[in-house]
Amino acid sequence: MRTYTRLIFIFCFLLMANPAPAQDSGDVANDEALKMVALEALMSAPSERALPIVIRVLEGDGSDEMKEAALFILSQIEHPDASAQLLNMARSASGELRLDAIRMIGISGGDAVDSLAAVFSSGGSDVREAVLEAYMIAGNKQGLYDIAVSAENNDDFEAAVEMLGAMGASEELSKIRASAGVSDAIINAYIISDDADAIRELALDRSDLKQQARAIEALGIVGADDAEALLTQIYRESDSEFIKEAALNGLLIGDYDDSVLQLYRSATSVSEKRALLQMLVMMDSDQVMDIIDETLAGDQ
């Protein structure tokens with residue numbers, strides 16, 4: 001008997017066998033483990049042989065662990081019926097099994113991924129989250145972009161945009177920014193993708209002070225080559241206390257204590273010196289004690 005036929009025979013026997021009435025918990029566990037071994041063996045079987053057995057497991061009354069394993073095997077079978085079965089479960093299954101089916105479509109890729117748009121539109125928050133994850137797993141930037149531009153609530157918009165950031169989808173983010181404007185989600189996406197150029201541009205854009213301040217602080221997070229110099233420049237040149245505070249926060253986040261020290265030494269008002277000195281203390285600057293000594297001694 002050929003290997004794959006023997007494996008399938010063993011699997012069917014294990015799967016269909018009725019447990020003995022006297023079976024204790026140890027026997028049940030062993031039976032489950034053996035079924036899992038048989039199920040995993042289907043990975044090496046021809047798709048036309050493995051597919052009906054995997055579907056039988058999914059439609060049966062086996063444990064969640066068994067069905068999760070069967071879903072993964074189904075996602076690895078290159079056959080139209082396997083994709084159709086995954087999509088069917090993504091549409092109609094319940095609970096965690098439905099979410100797993102959605103994610104497995106992302107793993108398997110193919111045309112079924114495009115069909116998740118309808119699943120997203122009709123699903124609850126957990127289903128929509130699983131669809132977003134599937135798009136990211138599949139590397140489907142277009143799917144995430146479409147959700148972002150048509151999102152009916154802010155949570156879906158933010159999740160889709162930030163996943164685009166994780167994928168480094170600069171073109172899609174630029175289009176969203178052009179149509180929807182700058183938002184925390186856009187800036188977070190640029191932080192996630194480490195897009196210093198985009199953050200630098202927003203940090204110098206004065207059209208929206210709130211978002212400009214958020215971008216200025218983000219400069220300290222991404223740590224661009226010129227971030228320290230730019231943050232210092234913004235602090236010096238801005239006449240907005242709100243923007244100055246954001247620049248200081250960026251310097252704090254980036255741990256640029258040398259620049260804060262320079263700002264302290266050039267400050268002319270007591271209130272500004274106080275704020276900068278407090279910042280140096282927060283940054284645990286090596287030179288802060290010297291400054292305090294100098295100040296108390298009247299050298300400043």
# chains A, B, ... in the order shown; residues from 1 in each chain; ligands from 1
>>> select_by_dssp(residues="segment 150-238 of chain A", states="helix (DSSP H, G or I)", output="PyMOL selection string")
chain A and resi 150+154-166+170-180+184-192+196-203+209-222+227-237
>>> residues_around(residues="segment 142-159 of chain A", least_positions_apart="6", cutoff="10 Å", atoms="only C-alpha atoms", output="ChimeraX atom specification")
/A:113-117,120-121,125,128-129,131-136,165,169,172-173,175-176,179-180,183-186,188-189
>>> residues_around(residues="Gln211 of chain A", least_positions_apart="3", cutoff="10 Å", atoms="only C-alpha atoms", output="list in words")
Val182, Ser183, Asp184, Ile186, Ile187, Leu202, Ala203, Asp205, Arg206, Ser207, Asp208, Arg214, Ala215, Ile216 and Glu217 of chain A
>>> atom_distance(atom1="atom CA of Asp197 of chain A", atom2="atom CA of Ser285 of chain A")
28.7 Å
>>> residues_around(residues="Glu40 of chain A", least_positions_apart="4", cutoff="10 Å", atoms="only C-alpha atoms", output="mmCIF file with N, CA and C atoms, in the first residue's frame")
data_model
loop_
_atom_site.group_PDB
_atom_site.id
_atom_site.type_symbol
_atom_site.label_atom_id
_atom_site.label_comp_id
_atom_site.auth_asym_id
_atom_site.auth_seq_id
_atom_site.Cartn_x
_atom_site.Cartn_y
_atom_site.Cartn_z
ATOM 1 N N PHE A 11 -5.759 7.714 9.321
ATOM 2 C CA PHE A 11 -6.443 8.916 9.802
ATOM 3 C C PHE A 11 -7.950 8.702 9.860
ATOM 4 N N LEU A 34 -3.046 11.419 19.051
ATOM 5 C CA LEU A 34 -2.828 10.548 17.895
ATOM 6 C C LEU A 34 -3.587 11.071 16.673
ATOM 7 N N LYS A 35 -4.774 11.619 16.919
ATOM 8 C CA LYS A 35 -5.534 12.202 15.820
ATOM 9 C C LYS A 35 -4.803 13.421 15.245
ATOM 10 N N MET A 36 -4.188 14.184 16.121
ATOM 11 C CA MET A 36 -3.428 15.351 15.655
ATOM 12 C C MET A 36 -2.248 14.910 14.794
ATOM 13 N N SER A 44 1.562 16.044 3.854
ATOM 14 C CA SER A 44 2.368 15.404 2.812
ATOM 15 C C SER A 44 1.526 14.644 1.802
ATOM 16 N N ALA A 45 0.223 14.621 2.005
ATOM 17 C CA ALA A 45 -0.645 13.864 1.106
ATOM 18 C C ALA A 45 -1.069 14.705 -0.086
ATOM 19 N N MET A 66 -8.192 20.617 17.116
ATOM 20 C CA MET A 66 -8.204 19.825 15.888
ATOM 21 C C MET A 66 -8.638 20.680 14.704
ATOM 22 N N ALA A 69 -5.985 23.172 13.612
ATOM 23 C CA ALA A 69 -4.942 22.508 12.827
ATOM 24 C C ALA A 69 -5.447 22.199 11.418
ATOM 25 N N ALA A 70 -6.701 21.775 11.328
ATOM 26 C CA ALA A 70 -7.279 21.462 10.023
ATOM 27 C C ALA A 70 -7.373 22.720 9.157
ATOM 28 N N PHE A 72 -5.361 25.290 9.230
ATOM 29 C CA PHE A 72 -4.024 25.607 8.725
ATOM 30 C C PHE A 72 -3.677 24.705 7.543
ATOM 31 N N ILE A 73 -3.952 23.418 7.665
ATOM 32 C CA ILE A 73 -3.667 22.489 6.565
ATOM 33 C C ILE A 73 -4.480 22.879 5.333
#
>>> closest_residue(among="A:Val270, A:Leu231, A:Ala213, A:Ala275", to="Gly254 of chain A", atoms="only C-alpha atoms")
A:Leu231
>>> closest_residue(among="A:Ala246, A:Gln262, A:Asp239, A:Tyr190", to="Gln212 of chain A", atoms="only C-alpha atoms")
A:Ala246
>>> closest_residue(among="A:Glu78, A:Ser174, A:Thr232, A:Asp31", to="Ser266 of chain A", atoms="only C-alpha atoms")
A:Thr232
>>> closest_residue(among="A:Leu261, A:Ala297, A:Met104, A:Ile137", to="Met167 of chain A", atoms="only C-alpha atoms")
A:Ile137
>>> residues_around(residues="Arg265 of chain A", least_positions_apart="5", cutoff="10 Å", atoms="only C-alpha atoms", output="PyMOL selection string")
chain A and resi 259-260+273+276-277+291+300
>>> atom_distance(atom1="atom CA of Arg274 of chain A", atom2="atom CA of Arg200 of chain A")
28.3 Å
>>> residues_around(residues="Ile191 of chain A", least_positions_apart="4", cutoff="8 Å", atoms="only C-alpha atoms", output="PDB file with C-alpha atoms, in the first residue's frame")
ATOM      1  CA  GLY A 165       2.393  52.055   8.209  1.00  0.00           C
ATOM      2  CA  ILE A 187       1.429  60.308  12.205  1.00  0.00           C
ATOM      3  CA  ASP A 195       9.295  57.618   7.655  1.00  0.00           C
ATOM      4  CA  ALA A 196      11.440  60.517   8.897  1.00  0.00           C
ATOM      5  CA  ILE A 199       7.331  63.422   9.801  1.00  0.00           C
ATOM      6  CA  ALA A 218       7.418  62.197  16.660  1.00  0.00           C
ATOM      7  CA  ILE A 221      10.802  59.032  18.329  1.00  0.00           C
ATOM      8  CA  VAL A 222      12.095  58.309  14.830  1.00  0.00           C
TER       9      VAL A 222
END
